[in-house]
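Below is one structure, written out as structure tokens; comments come after it.
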Amino acid sequence: MFNYLSQYFKLFVFQMAVLKPENQSLKKSGKREDYLSWDEYFMATAILAAKRSKDPSTQVGACIVNDKKQIVGVGYNGMPRGCSDDEFPWGKGNADELKNKYYYVCHAEMNAILNKNSAGVENCRMYVALFPCNECAKFIIQSGIREIVYMSDKDHDKNRTIASKRMLDAAGVKYWPFTPQHKTIDIDFSKIDWNHMSQC
Ligand SMILES: O=c1ccn([C@H]2C[C@H](O)[C@@H](COP(=O)(O)O)O2)c(=O)[nH]1
Ligand SMILES: [Zn+2]
């Protein structure tokens with residue numbers, strides 16, 4: 001018993017002497033501890049883009065990122081260029097389908113792919129607010145995107161989502177739900193101290 005305790009004590013002393021100073025020096029660096037993870041940063045970018053959407057019921061944003069953690073493209077659901085947000089319909093309950101949004105609106109994922117900057121989307125990851133529909137799954141597969149991190153799967157029981165998952169699985173595109181570490185990300189312009197560039 002004494003032998004066991006003495007071994008335990010030696011291990012404790014070793015931890016205090018060797019491991020603790022290293023941990024302390026990390027804390028001494030003065031680094032902020034409350035910074036966003038990469039996942040949170042990219043999903044927040046997708047959600048911020050969604051705030052540009054004029055769709056009154058569902059706002060979707062997407063953010064494509066390469067393996068260097070560079071943002072390659074961002075998009076949200078909106079009317080095509082030249083098709084006025086004020087003239088094309090945003091409703092969905094009309095018996096005349098030409099008067100509903102669905103024939104016209106460009107999906108966030110498609111816009112993010114088409115909006116890509118000079119870097120390609122091949123082998124990239126897409127962060128998206130809503131699980132991609134079957135049409136977006138085709139765009140994702142054909143453009144070479146390999147991974148999807150999604151926020152909501154609200155349409156999981158709809159055929160378009162079931163078909164989407166079938167195609168993504170067949171094409172080997174991986175997908176998983178987003179797990180945030182922060183519950184909220186606060187951007188309150190009135191609270192930013194512009195002289196010192198920190199939150200008051
Ligand atoms: O993969 C998708 C699926 C849907 N969207 C957009 C298209 C519409 O603007 C809304 C869906 O409207 P509901 O009223 O929820 O039917 O979301 C998208 O961008 N990407
Ligand atoms: Zn879609």
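In the structure tokens, each chain is lettered A, B, ... as it comes, each chain's residues begin at 1, and ligands are numbered from 1 in order of appearance.
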
Selection within 10 Å of ligand 2 by only C-alpha atoms and all ligand atoms, output as a PyMOL selection string | chain A and resi 60+77+105-111+130-140+160-161+164

How close does region 68-146 of chain A get to region 39-50 of chain A? List, as a Markdown table, each residue of region 68-146 of chain A within 8 Å, its nearest atom pair and the distance in Å to one decimal, counting only C-alpha atoms.
```
| residue | atom | partner | partner_atom | distance |
| --- | --- | --- | --- | --- |
| A:Val74 | CA | A:Ala46 | CA | 7.0 |
| A:Gly75 | CA | A:Ala49 | CA | 6.4 |
| A:Tyr76 | CA | A:Ala50 | CA | 5.2 |
| A:Asn77 | CA | A:Ala50 | CA | 7.3 |
| A:Tyr127 | CA | A:Met43 | CA | 5.6 |
| A:Val128 | CA | A:Ala46 | CA | 6.1 |
| A:Ala129 | CA | A:Ile47 | CA | 6.4 |
```

List every residue of region 60-124 of chain A that has an atom at most 12 Å from any atom of region 169-183 of chain A, and for each one report the closest atom pair and its distance in Å to one decimal, counting only C-alpha atoms, with rows sorted by chain and then by increasing residue number, as a tab-separated table.
```
residue	atom	partner	partner_atom	distance
A:Glu122	CA	A:Val173	CA	11.9
A:Asn123	CA	A:Val173	CA	9.8
A:Cys124	CA	A:Val173	CA	10.5
```

Output of the above residues as a PDB file, in the first residue's frame, restricted to C-alpha atoms:
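Written file, selection-v8.pdb:
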```pdb
ATOM      1  CA  GLU A 122     -12.720  20.988 -55.813  1.00  0.00           C
ATOM      2  CA  ASN A 123     -12.174  19.013 -52.559  1.00  0.00           C
ATOM      3  CA  CYS A 124     -13.700  21.833 -50.518  1.00  0.00           C
TER       4      CYS A 124
END
```

Check region 1-188 of chain A with DSSP on the backbone and list each residue it calls alpha helix (DSSP H), as a PyMOL selection string.
-> chain A and resi 2-14+20-28+38-50+108-114+134-143+159-171

With C-alpha atoms retained, write the just-selected residues as a JSON list (two decimals), in the first residue's frame.
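Dumped to part26.json:
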```json
[["chain", "number", "residue", "atom", "x", "y", "z"],
["A", 2, "PHE", "CA", 2.81, 2.38, 0.98],
["A", 3, "ASN", "CA", 4.61, 1.52, -2.23],
["A", 4, "TYR", "CA", 1.53, 2.33, -4.26],
["A", 5, "LEU", "CA", 1.05, 5.69, -2.53],
["A", 6, "SER", "CA", 4.66, 6.62, -2.99],
["A", 7, "GLN", "CA", 4.45, 5.87, -6.76],
["A", 8, "TYR", "CA", 1.31, 7.99, -6.95],
["A", 9, "PHE", "CA", 3.03, 10.84, -5.11],
["A", 10, "LYS", "CA", 6.02, 10.69, -7.50],
["A", 11, "LEU", "CA", 3.67, 10.93, -10.47],
["A", 12, "PHE", "CA", 1.93, 13.92, -8.87],
["A", 13, "VAL", "CA", 5.27, 15.71, -8.29],
["A", 14, "PHE", "CA", 6.29, 14.95, -11.88],
["A", 20, "LYS", "CA", 2.20, 22.52, -15.09],
["A", 21, "PRO", "CA", 4.76, 25.16, -16.15],
["A", 22, "GLU", "CA", 4.00, 24.44, -19.78],
["A", 23, "ASN", "CA", 0.27, 24.92, -19.22],
["A", 24, "GLN", "CA", 0.94, 28.08, -17.26],
["A", 25, "SER", "CA", 3.07, 29.52, -20.07],
["A", 26, "LEU", "CA", 0.16, 28.99, -22.46],
["A", 27, "LYS", "CA", -2.05, 31.02, -20.16],
["A", 28, "LYS", "CA", 0.67, 33.67, -19.76],
["A", 38, "TRP", "CA", -13.01, 27.53, -37.43],
["A", 39, "ASP", "CA", -16.32, 25.65, -37.68],
["A", 40, "GLU", "CA", -18.17, 28.44, -35.88],
["A", 41, "TYR", "CA", -16.51, 31.09, -38.01],
["A", 42, "PHE", "CA", -17.51, 29.45, -41.29],
["A", 43, "MET", "CA", -21.03, 28.53, -40.18],
["A", 44, "ALA", "CA", -21.51, 32.07, -38.86],
["A", 45, "THR", "CA", -20.41, 33.35, -42.29],
["A", 46, "ALA", "CA", -23.10, 31.18, -43.89],
["A", 47, "ILE", "CA", -25.73, 32.41, -41.43],
["A", 48, "LEU", "CA", -24.67, 36.02, -41.95],
["A", 49, "ALA", "CA", -25.04, 35.58, -45.71],
["A", 50, "ALA", "CA", -28.54, 34.14, -45.11],
["A", 108, "ALA", "CA", -27.82, 29.36, -51.58],
["A", 109, "GLU", "CA", -25.56, 26.41, -52.41],
["A", 110, "MET", "CA", -25.76, 27.05, -56.16],
["A", 111, "ASN", "CA", -25.03, 30.74, -55.62],
["A", 112, "ALA", "CA", -22.03, 29.96, -53.38],
["A", 113, "ILE", "CA", -20.58, 27.64, -56.05],
["A", 114, "LEU", "CA", -21.18, 30.13, -58.86],
["A", 134, "ASN", "CA", -31.61, 17.23, -54.51],
["A", 135, "GLU", "CA", -30.82, 19.97, -57.05],
["A", 136, "CYS", "CA", -28.10, 21.45, -54.86],
["A", 137, "ALA", "CA", -26.72, 17.96, -54.16],
["A", 138, "LYS", "CA", -26.14, 17.60, -57.92],
["A", 139, "PHE", "CA", -24.28, 20.92, -58.04],
["A", 140, "ILE", "CA", -22.21, 19.95, -55.01],
["A", 141, "ILE", "CA", -21.25, 16.55, -56.43],
["A", 142, "GLN", "CA", -20.45, 17.85, -59.92],
["A", 143, "SER", "CA", -18.36, 20.73, -58.60],
["A", 159, "ASN", "CA", -38.37, 13.30, -50.96],
["A", 160, "ARG", "CA", -35.98, 16.01, -52.17],
["A", 161, "THR", "CA", -33.82, 15.51, -49.07],
["A", 162, "ILE", "CA", -34.03, 11.71, -49.23],
["A", 163, "ALA", "CA", -32.96, 11.85, -52.90],
["A", 164, "SER", "CA", -30.22, 14.31, -52.00],
["A", 165, "LYS", "CA", -28.78, 11.96, -49.36],
["A", 166, "ARG", "CA", -28.99, 9.02, -51.77],
["A", 167, "MET", "CA", -26.90, 10.89, -54.34],
["A", 168, "LEU", "CA", -24.41, 12.29, -51.82],
["A", 169, "ASP", "CA", -23.90, 8.81, -50.31],
["A", 170, "ALA", "CA", -23.38, 7.25, -53.73],
["A", 171, "ALA", "CA", -20.88, 9.95, -54.68]]
```

How far is it from CA of Ile185 (chain A) to atom 4 (C, counted along the ligand's line) of ligand 1, in Å with one decimal?
-> 24.3 Å

So how far away is CA of Lys31 (chain A) from CA of Ile187 (chain A), in Å?
->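 Separation of CA of Ile187 (chain A) and CA of Lys31 (chain A): 20.7 Å.
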
Point-to-point distance from CA of Ser53 (chain A) to CA of Arg125 (chain A), Å rounded to tenths =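 Computed distance, CA of Ser53 (chain A) to CA of Arg125 (chain A), equals 21.9 Å.
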
Using only C-alpha atoms and all ligand atoms, find the one residue out of A:Arg52, A:Lys191, A:Arg81, A:Lys68 that sits nearest to ligand 1.
->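 Between A:Arg52, A:Lys191, A:Arg81, A:Lys68, the residue approaching ligand 1 most closely is A:Arg52.
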
Between A:Cys83, A:Ala62, A:Ile192, A:Val72, which is the closest to Asn117 (chain A) once you count only C-alpha atoms?
->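 Ranking A:Cys83, A:Ala62, A:Ile192, A:Val72 by distance to Asn117 (chain A), first place goes to A:Val72.
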
Between A:Ile71, A:Val149, A:Met79, A:Ile64, which is the closest to ligand 1 once you count only C-alpha atoms and all ligand atoms?
->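 Checking each of A:Ile71, A:Val149, A:Met79, A:Ile64 against ligand 1, counting only C-alpha atoms and all ligand atoms, the winner is A:Met79.
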
Assign secondary structure with DSSP using the backbone only, and return the residues of chain A in strand (DSSP E or B) as a PyMOL selection string.
-> chain A and resi 61-65+71-76+78+106+125-130+147-152+174-177+192-193+198-199

Output C-alpha atoms for every residue in the selection just made, as a CSV table (one decimal), in the first residue's frame.
```csv
chain,number,residue,atom,x,y,z
A,61,GLY,CA,-26.7,30.8,-46.5
A,62,ALA,CA,-23.7,28.7,-47.7
A,63,CYS,CA,-20.0,29.2,-47.3
A,64,ILE,CA,-17.4,27.1,-49.2
A,65,VAL,CA,-14.0,26.6,-47.6
A,71,ILE,CA,-13.3,31.1,-47.9
A,72,VAL,CA,-13.8,30.3,-51.6
A,73,GLY,CA,-17.4,31.3,-52.1
A,74,VAL,CA,-20.5,32.5,-50.2
A,75,GLY,CA,-24.1,32.6,-51.3
A,76,TYR,CA,-27.7,32.9,-50.1
A,78,GLY,CA,-32.2,35.0,-53.9
A,106,CYS,CA,-31.6,30.5,-56.9
A,125,ARG,CA,-16.1,21.8,-47.6
A,126,MET,CA,-19.5,23.6,-47.6
A,127,TYR,CA,-21.1,25.0,-44.5
A,128,VAL,CA,-24.8,25.5,-45.1
A,129,ALA,CA,-27.7,26.6,-43.0
A,130,LEU,CA,-30.2,24.0,-44.4
A,147,GLU,CA,-17.9,17.6,-47.4
A,148,ILE,CA,-21.0,19.3,-46.1
A,149,VAL,CA,-21.6,20.7,-42.6
A,150,TYR,CA,-25.2,21.6,-42.1
A,151,MET,CA,-27.2,23.4,-39.5
A,152,SER,CA,-30.9,22.4,-40.0
A,174,LYS,CA,-19.6,13.2,-46.4
A,175,TYR,CA,-22.0,15.3,-44.3
A,176,TRP,CA,-22.6,15.9,-40.6
A,177,PRO,CA,-24.5,18.4,-38.4
A,192,ILE,CA,-18.1,48.1,-30.6
A,193,ASP,CA,-15.4,50.5,-29.3
A,198,SER,CA,-12.9,45.7,-29.0
A,199,GLN,CA,-16.3,45.0,-27.6
```
